[in-house]
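Shown next: my_file19.cif, containing mmCIF, C-alpha atoms and all ligand atoms.
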data_run
#
loop_
_atom_site.label_atom_id
_atom_site.label_comp_id
_atom_site.auth_asym_id
_atom_site.auth_seq_id
_atom_site.Cartn_x
_atom_site.Cartn_y
_atom_site.Cartn_z
CA MET A 744 -4.23 31.76 3.47
CA THR A 745 -1.82 32.77 0.74
CA SER A 746 -1.74 31.06 -2.62
CA VAL A 747 1.42 29.32 -3.75
CA VAL A 748 3.25 30.00 -6.95
CA THR A 749 5.41 26.97 -7.54
CA ALA A 750 8.23 26.10 -9.88
CA ALA A 751 5.72 23.56 -11.19
CA ALA A 752 3.65 26.42 -12.62
CA GLY A 753 4.19 25.20 -16.18
CA LEU A 754 2.87 21.72 -15.40
CA ARG A 755 -0.74 20.66 -15.73
CA ILE A 756 -1.38 19.37 -12.23
CA CYS A 757 -4.20 17.16 -11.08
CA PHE A 758 -4.92 16.44 -7.43
CA VAL A 759 -6.35 12.93 -7.15
CA ILE A 760 -8.31 12.56 -3.92
CA PRO A 761 -10.16 9.34 -3.06
CA THR A 762 -13.13 9.70 -0.79
CA TYR A 763 -15.38 7.37 1.10
CA ASP A 764 -17.72 9.04 3.55
CA GLU A 765 -15.83 12.30 3.71
CA ALA A 766 -18.85 14.65 3.76
CA PRO A 767 -17.56 16.70 6.70
CA ASN A 768 -14.16 17.23 5.06
CA ILE A 769 -14.56 17.45 1.31
CA GLU A 770 -15.90 20.95 0.90
CA PRO A 771 -13.43 22.68 3.27
CA LEU A 772 -10.61 20.72 1.60
CA LEU A 773 -11.61 21.72 -1.92
CA ARG A 774 -11.99 25.34 -0.88
CA HIS A 775 -8.54 25.26 0.69
CA LEU A 776 -6.87 23.61 -2.30
CA ALA A 777 -8.60 25.80 -4.89
CA HIS A 778 -7.38 28.86 -3.04
CA LEU A 779 -3.81 27.60 -2.69
CA HIS A 780 -3.61 26.54 -6.34
CA PRO A 781 -5.42 29.19 -8.39
CA SER A 782 -3.88 28.27 -11.75
CA PRO A 783 -6.43 27.29 -14.43
CA GLU A 784 -3.98 24.47 -15.30
CA THR A 785 -4.66 22.79 -11.95
CA ALA A 786 -7.53 20.32 -11.59
CA PHE A 787 -8.97 18.55 -8.56
CA LEU A 788 -10.33 15.07 -9.13
CA ILE A 789 -12.42 13.46 -6.44
CA VAL A 790 -12.75 9.70 -6.77
CA ASP A 791 -15.78 8.75 -4.75
CA ASP A 792 -17.07 5.21 -4.34
CA ASN A 793 -20.77 5.97 -3.90
CA SER A 794 -20.27 7.20 -0.33
CA PRO A 795 -23.53 6.70 1.59
CA ASP A 796 -23.04 10.04 3.37
CA GLY A 797 -23.52 12.05 0.17
CA THR A 798 -19.90 13.16 -0.41
CA ALA A 799 -20.44 13.08 -4.18
CA GLY A 800 -23.39 15.46 -3.98
CA LEU A 801 -21.25 18.01 -2.14
CA VAL A 802 -18.53 17.69 -4.77
CA ARG A 803 -21.06 18.20 -7.54
CA LYS A 804 -22.37 21.30 -5.82
CA PHE A 805 -18.85 22.68 -5.40
CA SER A 806 -17.92 21.95 -9.00
CA SER A 807 -20.84 24.02 -10.25
CA GLN A 808 -18.95 27.09 -9.00
CA GLU A 809 -15.44 25.75 -9.54
CA PRO A 810 -15.12 24.03 -12.95
CA ARG A 811 -11.61 22.79 -12.09
CA VAL A 812 -13.22 20.27 -9.73
CA HIS A 813 -14.05 16.90 -11.31
CA LEU A 814 -15.90 13.92 -9.89
CA LEU A 815 -15.33 10.28 -10.76
CA GLU A 816 -17.82 7.88 -9.25
CA GLY A 817 -17.80 4.11 -9.06
CA GLU A 818 -18.48 1.00 -7.03
CA ARG A 819 -16.42 0.55 -3.89
CA GLN A 820 -13.53 -1.78 -4.66
CA GLY A 821 -10.95 -0.41 -2.25
CA LEU A 822 -8.51 2.47 -2.06
CA GLY A 823 -6.05 1.01 -4.58
CA SER A 824 -8.72 0.58 -7.23
CA ALA A 825 -9.98 4.11 -6.61
CA TYR A 826 -6.46 5.51 -7.05
CA LEU A 827 -5.86 3.53 -10.20
CA ARG A 828 -9.09 4.80 -11.74
CA GLY A 829 -8.37 8.34 -10.64
CA ILE A 830 -4.76 8.47 -11.85
CA THR A 831 -5.72 6.94 -15.20
CA TYR A 832 -8.49 9.50 -15.64
CA ALA A 833 -6.14 12.35 -14.67
CA MET A 834 -3.61 11.24 -17.29
CA ASP A 835 -5.88 10.15 -20.13
CA VAL A 836 -8.85 12.47 -19.85
CA LEU A 837 -7.54 15.54 -18.02
CA GLY A 838 -4.11 15.40 -19.69
CA ALA A 839 -2.18 15.93 -16.43
CA ASP A 840 1.63 16.22 -16.46
CA ALA A 841 1.74 15.59 -12.72
CA VAL A 842 -0.62 14.17 -10.13
CA VAL A 843 -0.78 14.83 -6.41
CA GLN A 844 -2.38 12.04 -4.43
CA MET A 845 -3.63 12.89 -0.97
CA ASP A 846 -6.24 11.95 1.64
CA ALA A 847 -9.41 13.98 2.03
CA ASP A 848 -9.39 14.13 5.83
CA PHE A 849 -6.79 16.89 6.37
CA SER A 850 -4.24 14.36 7.64
CA HIS A 851 -2.19 15.67 4.74
CA ASP A 852 -1.82 19.42 5.09
CA PRO A 853 -2.94 20.98 1.77
CA SER A 854 -0.25 23.63 2.07
CA ASP A 855 2.49 20.93 1.92
CA ALA A 856 1.51 19.99 -1.64
CA GLY A 857 3.38 23.02 -3.01
CA ARG A 858 6.69 21.70 -1.63
CA LEU A 859 6.12 18.29 -3.23
CA LEU A 860 5.35 19.92 -6.56
CA GLU A 861 8.47 22.08 -6.33
CA ARG A 862 10.56 18.94 -6.00
CA ILE A 863 9.15 17.21 -9.06
CA ALA A 864 9.54 20.42 -11.02
CA VAL A 865 13.21 20.63 -10.06
CA ASP A 866 14.93 17.36 -9.32
CA ALA A 867 12.61 14.37 -9.04
CA ASP A 868 9.93 12.26 -10.70
CA VAL A 869 8.28 11.42 -7.40
CA ALA A 870 8.17 13.47 -4.19
CA VAL A 871 6.86 11.55 -1.20
CA GLY A 872 5.34 13.46 1.72
CA SER A 873 7.25 11.62 4.40
CA ARG A 874 6.38 11.25 8.06
CA TYR A 875 9.67 9.52 8.75
CA ALA A 876 12.14 11.76 6.92
CA PRO A 877 14.12 14.07 9.25
CA GLY A 878 11.74 16.82 10.35
CA GLY A 879 8.63 14.73 9.69
CA ALA A 880 6.25 13.50 12.40
CA VAL A 881 2.93 11.83 13.14
CA ASP A 882 0.23 13.18 15.39
CA PRO A 883 1.03 12.53 19.10
CA HIS A 884 -2.55 11.27 19.43
CA TRP A 885 -1.65 8.19 17.43
CA GLY A 886 -1.94 5.18 19.71
CA ARG A 887 0.82 2.66 20.22
CA GLY A 888 -0.83 0.08 17.97
CA ARG A 889 -1.09 2.48 15.05
CA ARG A 890 2.53 3.66 15.42
CA TRP A 891 3.69 0.06 15.57
CA LEU A 892 1.66 -0.92 12.50
CA SER A 893 2.97 2.03 10.52
CA ARG A 894 6.62 1.52 11.52
CA TRP A 895 6.57 -2.21 10.80
CA GLY A 896 4.56 -1.75 7.65
CA ASN A 897 7.33 0.49 6.41
CA ARG A 898 10.05 -1.90 7.46
CA GLY A 899 8.22 -4.73 5.72
CA ALA A 900 8.00 -2.66 2.54
CA ARG A 901 11.74 -1.95 2.67
CA TRP A 902 13.05 -5.30 3.83
CA ILE A 903 10.66 -7.69 2.11
CA ALA A 904 9.35 -5.80 -0.91
CA GLY A 905 12.80 -4.27 -1.42
CA LEU A 906 11.93 -0.54 -1.52
CA ARG A 907 15.44 0.80 -1.22
CA GLY A 908 16.20 3.96 0.74
CA ILE A 909 12.61 5.18 1.21
CA ARG A 910 11.67 6.02 4.79
CA ASP A 911 7.92 6.38 4.32
CA CYS A 912 6.81 3.73 1.84
CA THR A 913 3.16 3.75 2.91
CA SER A 914 2.56 7.47 2.60
CA GLY A 915 -0.54 8.43 0.61
CA PHE A 916 0.74 11.96 -0.04
CA LYS A 917 2.85 12.20 -3.19
CA ALA A 918 3.47 14.32 -6.26
CA ILE A 919 4.31 12.22 -9.30
CA ARG A 920 5.20 13.13 -12.86
CA THR A 921 2.92 11.30 -15.25
CA THR A 922 5.87 10.42 -17.51
CA ALA A 923 7.13 8.25 -14.62
CA LEU A 924 3.67 6.75 -14.13
CA LYS A 925 3.46 5.83 -17.81
CA CYS A 926 6.90 4.21 -17.66
CA ALA A 927 5.85 2.24 -14.59
CA GLY A 928 2.87 0.60 -16.33
CA ILE A 929 0.66 1.08 -13.29
CA GLN A 930 -2.34 -0.52 -15.01
CA ASP A 931 -1.09 -3.96 -13.98
CA ILE A 932 -0.93 -3.16 -10.28
CA ARG A 933 -3.15 -5.61 -8.44
CA ALA A 934 -3.51 -4.01 -5.03
CA GLN A 935 -6.99 -3.18 -3.88
CA GLY A 936 -6.40 -1.59 -0.50
CA TYR A 937 -3.84 0.62 1.23
CA VAL A 938 -0.91 -1.51 0.04
CA PHE A 939 -1.42 0.19 -3.31
CA GLN A 940 0.99 2.89 -2.09
CA VAL A 941 3.78 0.33 -1.68
CA ALA A 942 3.01 -1.41 -4.97
CA LEU A 943 3.02 1.93 -6.78
CA LEU A 944 6.35 3.02 -5.28
CA HIS A 945 7.80 -0.39 -6.06
CA ARG A 946 6.78 -0.01 -9.71
CA LEU A 947 8.16 3.50 -9.89
CA GLN A 948 11.44 2.55 -8.27
CA THR A 949 12.01 -0.54 -10.40
CA THR A 950 11.36 1.45 -13.56
CA GLY A 951 13.99 4.02 -12.66
CA ALA A 952 11.96 6.94 -11.28
CA ARG A 953 13.92 9.46 -9.20
CA ILE A 954 12.21 9.38 -5.80
CA VAL A 955 12.78 11.96 -3.06
CA GLU A 956 11.16 12.54 0.31
CA GLU A 957 9.90 15.78 1.81
CA SER A 958 9.11 15.79 5.50
CA ILE A 959 5.48 16.30 6.53
CA TYR A 960 3.47 16.39 9.70
CA PHE A 961 0.63 13.85 9.59
CA ARG A 962 -2.35 15.08 11.56
CA ASP A 963 -4.93 12.64 12.91
CA ARG A 964 -8.34 13.04 11.27
CA GLU A 965 -10.69 15.26 13.24
CA ARG A 966 -13.89 14.50 11.33
CA GLY A 967 -15.24 11.28 9.88
CA GLN A 968 -14.07 7.74 10.43
CA THR A 969 -11.10 5.63 9.39
CA LYS A 970 -11.61 3.00 6.71
CA LEU A 971 -8.46 1.02 7.48
CA GLY A 972 -9.47 -2.53 8.35
CA ALA A 973 -8.01 -5.96 9.18
CA LYS A 974 -8.50 -7.02 5.56
CA ASP A 975 -6.11 -4.24 4.51
CA THR A 976 -3.43 -5.49 6.91
CA LEU A 977 -3.73 -9.02 5.54
CA GLU A 978 -3.57 -7.81 1.94
CA PHE A 979 -0.56 -5.68 2.88
CA LEU A 980 1.35 -8.73 4.18
CA LEU A 981 0.51 -10.88 1.17
CA GLN A 982 1.37 -8.16 -1.32
CA ILE A 983 4.76 -7.24 0.14
CA CYS A 984 5.71 -10.93 0.09
CA ARG A 985 4.60 -11.13 -3.53
CA LEU A 986 6.63 -8.04 -4.43
CA GLY A 987 9.60 -9.50 -2.55
CA ALA A 988 9.36 -12.81 -4.41
CA ALA A 989 9.20 -10.96 -7.73
CA GLN A 990 12.57 -9.41 -6.86
CA TYR A 991 14.17 -12.84 -6.92
CA ARG A 992 12.39 -14.11 -10.01
CA ASN A 993 15.24 -12.88 -12.19
CA VAL A 994 17.79 -14.60 -9.95
CA TRP A 995 16.43 -18.10 -10.45
CA LYS A 996 15.81 -17.53 -14.15
CA PHE A 997 19.41 -16.37 -14.45
CA GLY A 998 20.64 -19.45 -12.56
CA LEU A 999 18.59 -21.80 -14.72
CA THR A 1000 19.82 -20.12 -17.91
CA GLY A 1001 23.42 -20.43 -16.69
CA SER A 1002 22.93 -24.16 -16.03
CA VAL A 1003 21.48 -24.70 -19.50
CA ALA A 1004 24.42 -22.79 -20.99
CA ALA A 1005 26.90 -24.94 -19.04
CA ALA A 1006 25.23 -28.11 -20.37
CA VAL A 1007 25.35 -26.73 -23.92
CA ASN A 1008 29.02 -25.86 -23.41
CA LEU A 1009 29.86 -29.44 -22.49
CA GLY A 1010 27.57 -30.90 -25.17
CA SER A 1011 29.03 -28.81 -27.99
CA PHE A 1012 32.59 -29.45 -26.73
CA TYR A 1013 31.91 -33.18 -26.91
CA TYR A 1014 30.30 -32.88 -30.37
CA LEU A 1015 33.20 -30.79 -31.76
CA LEU A 1016 35.70 -33.37 -30.47
CA GLU A 1017 33.65 -36.08 -32.17
CA LEU A 1018 33.94 -34.09 -35.39
CA GLY A 1019 37.71 -34.38 -35.00
CA LEU A 1020 38.47 -30.82 -33.91
CA ASN A 1021 41.53 -30.17 -31.80
CA LYS A 1022 40.55 -29.80 -28.10
CA TYR A 1023 42.32 -26.41 -27.79
CA LEU A 1024 40.15 -25.08 -30.60
CA ALA A 1025 36.98 -26.94 -29.59
CA SER A 1026 37.07 -25.52 -26.05
CA PRO A 1027 36.84 -21.76 -26.88
CA ILE A 1028 34.27 -22.47 -29.63
CA ALA A 1029 32.10 -24.34 -27.11
CA VAL A 1030 32.55 -21.52 -24.60
CA GLU A 1031 31.49 -18.93 -27.20
CA ILE A 1032 28.45 -20.98 -28.28
CA SER A 1033 27.31 -21.20 -24.67
CA ILE A 1034 27.92 -17.48 -24.10
CA ILE A 1035 25.81 -16.54 -27.14
CA LEU A 1036 23.01 -18.91 -26.12
CA ASN A 1037 23.19 -17.64 -22.55
CA PHE A 1038 22.90 -14.08 -23.79
CA LEU A 1039 19.92 -14.77 -26.03
CA ILE A 1040 17.95 -16.55 -23.31
CA ASN A 1041 18.73 -13.84 -20.75
CA ASN A 1042 17.84 -11.12 -23.22
CA HIS A 1043 14.48 -12.60 -24.17
CA TRP A 1044 13.44 -14.46 -21.06
CA THR A 1045 15.28 -13.64 -17.80
CA PHE A 1046 15.15 -9.88 -18.36
CA GLY A 1047 12.46 -10.02 -21.04
CA ASP A 1048 9.98 -8.10 -18.87
CA ARG A 1049 12.28 -5.06 -18.70
CA ARG A 1050 12.37 -2.14 -21.08
CA LEU A 1051 16.05 -2.67 -21.82
CA ALA A 1052 18.41 0.22 -22.46
CA GLY A 1053 20.43 0.39 -25.68
CA PRO A 1054 20.53 -1.81 -28.80
CA ARG A 1055 20.78 -5.60 -28.57
CA ARG A 1056 24.17 -5.90 -30.29
CA VAL A 1057 25.72 -3.57 -27.67
CA ARG A 1058 24.19 -5.69 -24.91
CA GLY A 1059 25.57 -8.78 -26.65
CA LEU A 1060 29.09 -7.35 -26.67
CA LYS A 1061 28.83 -6.30 -23.04
CA PHE A 1062 27.59 -9.77 -22.13
CA ASN A 1063 30.46 -11.44 -23.97
CA PHE A 1064 32.98 -9.13 -22.37
CA ILE A 1065 31.66 -9.82 -18.87
CA ALA A 1066 31.41 -13.56 -19.54
CA LEU A 1067 35.08 -13.75 -20.56
CA LEU A 1068 36.14 -11.53 -17.69
CA THR A 1069 34.27 -13.62 -15.13
CA LEU A 1070 35.69 -16.79 -16.68
CA ALA A 1071 39.16 -15.37 -16.01
CA LEU A 1072 38.12 -14.36 -12.48
CA ASN A 1073 36.73 -17.82 -11.85
CA TYR A 1074 39.98 -19.36 -13.02
CA ALA A 1075 42.10 -16.97 -10.91
CA ILE A 1076 40.11 -17.81 -7.76
CA PHE A 1077 40.35 -21.51 -8.56
CA VAL A 1078 44.14 -21.36 -9.01
CA THR A 1079 44.59 -19.27 -5.83
CA LEU A 1080 42.45 -21.66 -3.77
CA SER A 1081 44.28 -24.67 -5.22
CA LEU A 1082 47.62 -23.19 -4.16
CA LEU A 1083 46.34 -22.35 -0.68
CA PHE A 1084 44.50 -25.61 -0.06
CA VAL A 1085 46.62 -28.21 -1.78
CA GLU A 1086 44.81 -31.16 -0.19
CA ALA A 1087 41.27 -29.96 -0.92
CA SER A 1088 39.07 -31.62 -3.53
CA PRO A 1089 39.33 -29.76 -6.87
CA LEU A 1090 35.57 -30.09 -7.30
CA LEU A 1091 34.96 -28.29 -4.00
CA LEU A 1092 37.44 -25.53 -4.91
CA GLN A 1093 35.79 -25.10 -8.30
CA ALA A 1094 32.41 -24.76 -6.56
CA CYS A 1095 33.89 -22.18 -4.14
CA ALA A 1096 35.14 -20.19 -7.12
CA ILE A 1097 31.82 -20.36 -8.96
CA ALA A 1098 29.64 -18.91 -6.16
CA PRO A 1099 31.15 -15.39 -5.82
CA VAL A 1100 31.70 -15.13 -9.56
CA ALA A 1101 28.07 -16.06 -10.28
CA ALA A 1102 26.90 -13.34 -7.85
CA VAL A 1103 29.16 -10.70 -9.44
CA ASN A 1104 28.06 -11.87 -12.86
CA TYR A 1105 24.40 -11.53 -11.97
CA LEU A 1106 24.76 -8.08 -10.42
CA VAL A 1107 26.75 -6.71 -13.37
CA HIS A 1108 24.25 -8.07 -15.87
CA PHE A 1109 21.28 -6.88 -13.80
CA HIS A 1110 22.58 -3.31 -13.45
CA TRP A 1111 24.63 -2.91 -16.60
CA THR A 1112 24.12 -5.32 -19.49
CA PHE A 1113 20.37 -5.72 -19.07
CA ARG A 1114 19.73 -2.50 -17.23
CA GLU A 1115 16.37 -0.90 -17.63
CA ALA A 1116 16.00 2.25 -19.74
CA GLY A 1117 16.37 5.15 -17.33
CA GLU A 1118 18.35 3.18 -14.72
CA ARG A 1119 21.69 4.79 -13.98
CA PHE A 1120 24.65 2.47 -13.74
N1 LIG A 1201 -12.77 6.08 -3.15
C1 LIG A 1201 -12.38 5.48 -2.02
N2 LIG A 1201 -11.72 6.18 -1.08
C2 LIG A 1201 -11.34 5.55 0.04
C3 LIG A 1201 -11.59 4.18 0.28
N3 LIG A 1201 -11.06 3.86 1.49
C4 LIG A 1201 -10.51 4.99 1.98
N4 LIG A 1201 -10.67 6.01 1.12
C5 LIG A 1201 -10.18 7.40 1.23
O1 LIG A 1201 -8.77 7.32 1.31
C6 LIG A 1201 -8.25 8.29 2.18
C7 LIG A 1201 -7.47 7.58 3.30
O2 LIG A 1201 -8.34 6.81 4.08
P1 LIG A 1201 -8.41 6.93 5.68
O3 LIG A 1201 -9.59 6.19 6.19
O4 LIG A 1201 -8.27 8.35 6.09
O5 LIG A 1201 -7.14 6.10 6.08
P2 LIG A 1201 -6.02 6.49 7.05
O6 LIG A 1201 -5.56 7.87 6.77
O7 LIG A 1201 -5.03 5.40 7.02
O8 LIG A 1201 -6.75 6.41 8.45
P3 LIG A 1201 -7.34 7.60 9.39
O9 LIG A 1201 -6.69 8.86 8.98
O10 LIG A 1201 -7.10 7.18 10.76
O11 LIG A 1201 -8.78 7.68 9.10
C8 LIG A 1201 -9.43 9.09 2.69
O12 LIG A 1201 -9.59 10.22 1.89
C9 LIG A 1201 -10.60 8.11 2.50
O13 LIG A 1201 -11.83 8.75 2.34
C10 LIG A 1201 -12.30 3.46 -0.72
O14 LIG A 1201 -12.57 2.27 -0.61
N5 LIG A 1201 -12.65 4.14 -1.86
MG MG A 1202 -6.74 9.46 6.99
#
When written as structure tokens, how does the structure in this file appear?
Ligand SMILES: Nc1nc2c(ncn2[C@@H]2O[C@H](COP(=O)(O)OP(=O)(O)OP(=O)(O)O)[C@@H](O)[C@H]2O)c(=O)[nH]1
Ligand SMILES: [Mg+2]
Amino acid sequence: MTSVVTAAAGLRICFVIPTYDEAPNIEPLLRHLAHLHPSPETAFLIVDDNSPDGTAGLVRKFSSQEPRVHLLEGERQGLGSAYLRGITYAMDVLGADAVVQMDADFSHDPSDAGRLLERIAVDADVAVGSRYAPGGAVDPHWGRGRRWLSRWGNRGARWIAGLRGIRDCTSGFKAIRTTALKCAGIQDIRAQGYVFQVALLHRLQTTGARIVEESIYFRDRERGQTKLGAKDTLEFLLQICRLGAAQYRNVWKFGLTGSVAAAVNLGSFYYLLELGLNKYLASPIAVEISIILNFLINNHWTFGDRRLAGPRRVRGLKFNFIALLTLALNYAIFVTLSLLFVEASPLLLQACAIAPVAAVNYLVHFHWTFREAGERF
């Protein structure tokens, strides 16, 4: 065994390893990791949920010779809760700049951690040890059922929860910069079991973390027993649906805000006419009132849960600019359709013009006007 000197040498690294009944594995794993990562800046945190097989006792014994080993004990509340506790402790108490999360059963090869750390030191906030990236693989001993569950679990995470471009969304082997974890506000993650991995990646991705994948070989555990149960599969399904629904929450809020703005547009137009204003002056004033109102509601409500990039007045100008541009686009589509389909109902043509423009409008505002700090346009 040779130790690794990584580009991450300047970072305070903490391995966060959850354990439940891992007595046969924990000591060999800690010995292996301590040898591979000799830096005094590296810590190893075992999060044990009162394992009946005495895992915690073995960790305590090991830590008496190796002070870089820490033990966090608690009641068993599931893998997600254990990770949350462990990561929080690594950041707040041990002052880690980066955490490496991995299983204790040697399914994750300890010598792969160096490659993950290299990536976050060089070009990423998160490096996922990926079984499905080119070059990655799972143990041939995996049965059909397990392969199927893993494949479809990943597809579900991508297609339903919306994890874009990540091949292994359920991997429990990752190196993560704690700056990205702080940005992601992981404290609010409500995932008790294995789906925590998906919820965590989802948070990191939506808050603009740069995520890369490094291929790994996932070995089947040789000692001890699996803790993956039917309850985890059910929670997985429910959680990815919840994450998926959250993706569209902004869409309906945006639609509702747009409808309110349209009503205000008409209302103020009517009121200005009543005041005796010329209709050619009343119309743009009403449009501008509705644009400003639309902006304010979107800024505070629709995208209010985002950490928005840039000052509000710049966002306001961008919003106005896009609103006027899309108004012109809407009008151009309407005129073109009217010329092409002379007989068609004007109301139908107006509706046909609104739909694509509303979609463009939403996407531009989502990724530009109200983009999250850190998101690249
Ligand atoms: N603290 C804590 N650790 C857990 C809990 N459930 C699982 N773990 C640990 O999480 C890691 C992954 O669990 P595993 O049972 O290996 O799950 P898996 O890798 O999907 O399944 P197998 O490798 O087939 O056993 C291991 O280190 C477990 O000991 C839990 O409720 N609390
Ligand atoms: Mg395992």
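Restricting the calculation to all atoms listed in the file, the smallest distance between Phe787 (chain A) and any of A:Gly972, A:Val843, A:Gly821, A:Gly800 is found for A:Val843.
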If I wrap all listed atoms of region 766-775 of chain A in a box with edges along x, y and z and add 4 Å on each side, what are its centre and edge lengths in Å to one decimal, as lines of an AutoDock Vina configuration file?
center_x = -13.7
center_y = 20.0
center_z = 2.4
size_x = 18.3
size_y = 18.7
size_z = 16.6
Dump as JSON lines the rows for residues of chain A within 6 Å of ligand MG 1202 (chain A): closest atom pair and distance in Å with one decimal, all atoms listed in the file counted, ordered by chain and rising residue number.
{"residue": "A:Asp846", "atom": "CA", "partner": "A:MG1202", "partner_atom": "MG", "distance": 5.9}
{"residue": "A:Asp848", "atom": "CA", "partner": "A:MG1202", "partner_atom": "MG", "distance": 5.5}
{"residue": "A:Ser850", "atom": "CA", "partner": "A:MG1202", "partner_atom": "MG", "distance": 5.5}
{"residue": "A:Arg964", "atom": "CA", "partner": "A:MG1202", "partner_atom": "MG", "distance": 5.8}
Item to complete: Pick out the residues no farther than 7 Å from ligand LIG 1201 (chain A), counting all atoms listed in the file, and list them as an MDAnalysis selection string.
Response: chainID A and resid 760:765 790:792 819:822 825 846:848 850 963:964 968:971
Discussion item. My list of candidates is A:Gly987, A:Gly753, A:Gly872, A:Gly888. Which is closest to Leu906 (chain A) when distances are computed with only C-alpha atoms?
Written reply: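 For Leu906 (chain A), the nearest of the given residues is A:Gly987.
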Worksheet item: For Gln1093 (chain A), which residue among A:Phe1113, A:Phe1077, A:Tyr1105, A:Trp995 is the nearest when counting all atoms listed in the file?
Response: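 Result for the nearest residue to Gln1093 (chain A): A:Phe1077.
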All residues 12 Å or closer to Trp902 (chain A), all atoms listed in the file, same chain fewer than 2 positions away omitted, as a CSV table (one decimal) with C-alpha atoms, in the coordinates of the input:
chain,number,residue,atom,x,y,z
A,895,TRP,CA,6.6,-2.2,10.8
A,896,GLY,CA,4.6,-1.8,7.6
A,897,ASN,CA,7.3,0.5,6.4
A,898,ARG,CA,10.0,-1.9,7.5
A,899,GLY,CA,8.2,-4.7,5.7
A,900,ALA,CA,8.0,-2.7,2.5
A,904,ALA,CA,9.4,-5.8,-0.9
A,905,GLY,CA,12.8,-4.3,-1.4
A,906,LEU,CA,11.9,-0.5,-1.5
A,907,ARG,CA,15.4,0.8,-1.2
A,908,GLY,CA,16.2,4.0,0.7
A,909,ILE,CA,12.6,5.2,1.2
A,910,ARG,CA,11.7,6.0,4.8
A,912,CYS,CA,6.8,3.7,1.8
A,983,ILE,CA,4.8,-7.2,0.1
A,984,CYS,CA,5.7,-10.9,0.1
A,986,LEU,CA,6.6,-8.0,-4.4
A,987,GLY,CA,9.6,-9.5,-2.6
A,988,ALA,CA,9.4,-12.8,-4.4
A,990,GLN,CA,12.6,-9.4,-6.9
Practice prompt. Between A:Thr1112, A:Gln948, A:Ser806, A:Ser873, single out the one closest to Ile789 (chain A), counting all atoms listed in the file.
Written response: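 Once distances to Ile789 (chain A) are computed over all atoms listed in the file, the minimum belongs to A:Ser806.
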Fill in: Of the listed residues A:Phe979, A:Trp1111, A:Phe961, A:Tyr1023, that which approaches Gln940 (chain A) most closely, counting only C-alpha atoms
A:Phe979
Practice prompt. Would you list the contacts of Gly823 (chain A) as a VMD selection string, taking every protein, DNA or RNA residue within 10 Å and counting all atoms listed in the file, but skipping same-chain residues closer than 3 positions in sequence?
Written response: chain A and resid 761 820 826 to 829 932 to 940 942 to 943
Worksheet item: Residues at most 9 Å from region 769-775 of chain A, counting only C-alpha atoms, excluding those fewer than 2 positions away in the same chain, as a list in words?
Response: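 Final neighbour list, sorted by chain and number: Met744, Thr762, Glu765, Ala766, Pro767, Ala777, His778, Leu779, His780, Phe787, Ile789, Thr798, Leu801, Val802, Phe805, Val812, Ala847, Asp848, Phe849, Pro853 and Ser854 of chain A.
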I want to know what sits within 7 Å of Leu788 (chain A), based on all atoms listed in the file, with residues of the same chain fewer than 3 positions away left out; could you give that as a CSV table (one decimal) with C-alpha atoms, keeping the file's coordinate frame?
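This is the output file selection.csv:
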chain,number,residue,atom,x,y,z
A,757,CYS,CA,-4.2,17.2,-11.1
A,758,PHE,CA,-4.9,16.4,-7.4
A,759,VAL,CA,-6.4,12.9,-7.2
A,760,ILE,CA,-8.3,12.6,-3.9
A,812,VAL,CA,-13.2,20.3,-9.7
A,813,HIS,CA,-14.0,16.9,-11.3
A,814,LEU,CA,-15.9,13.9,-9.9
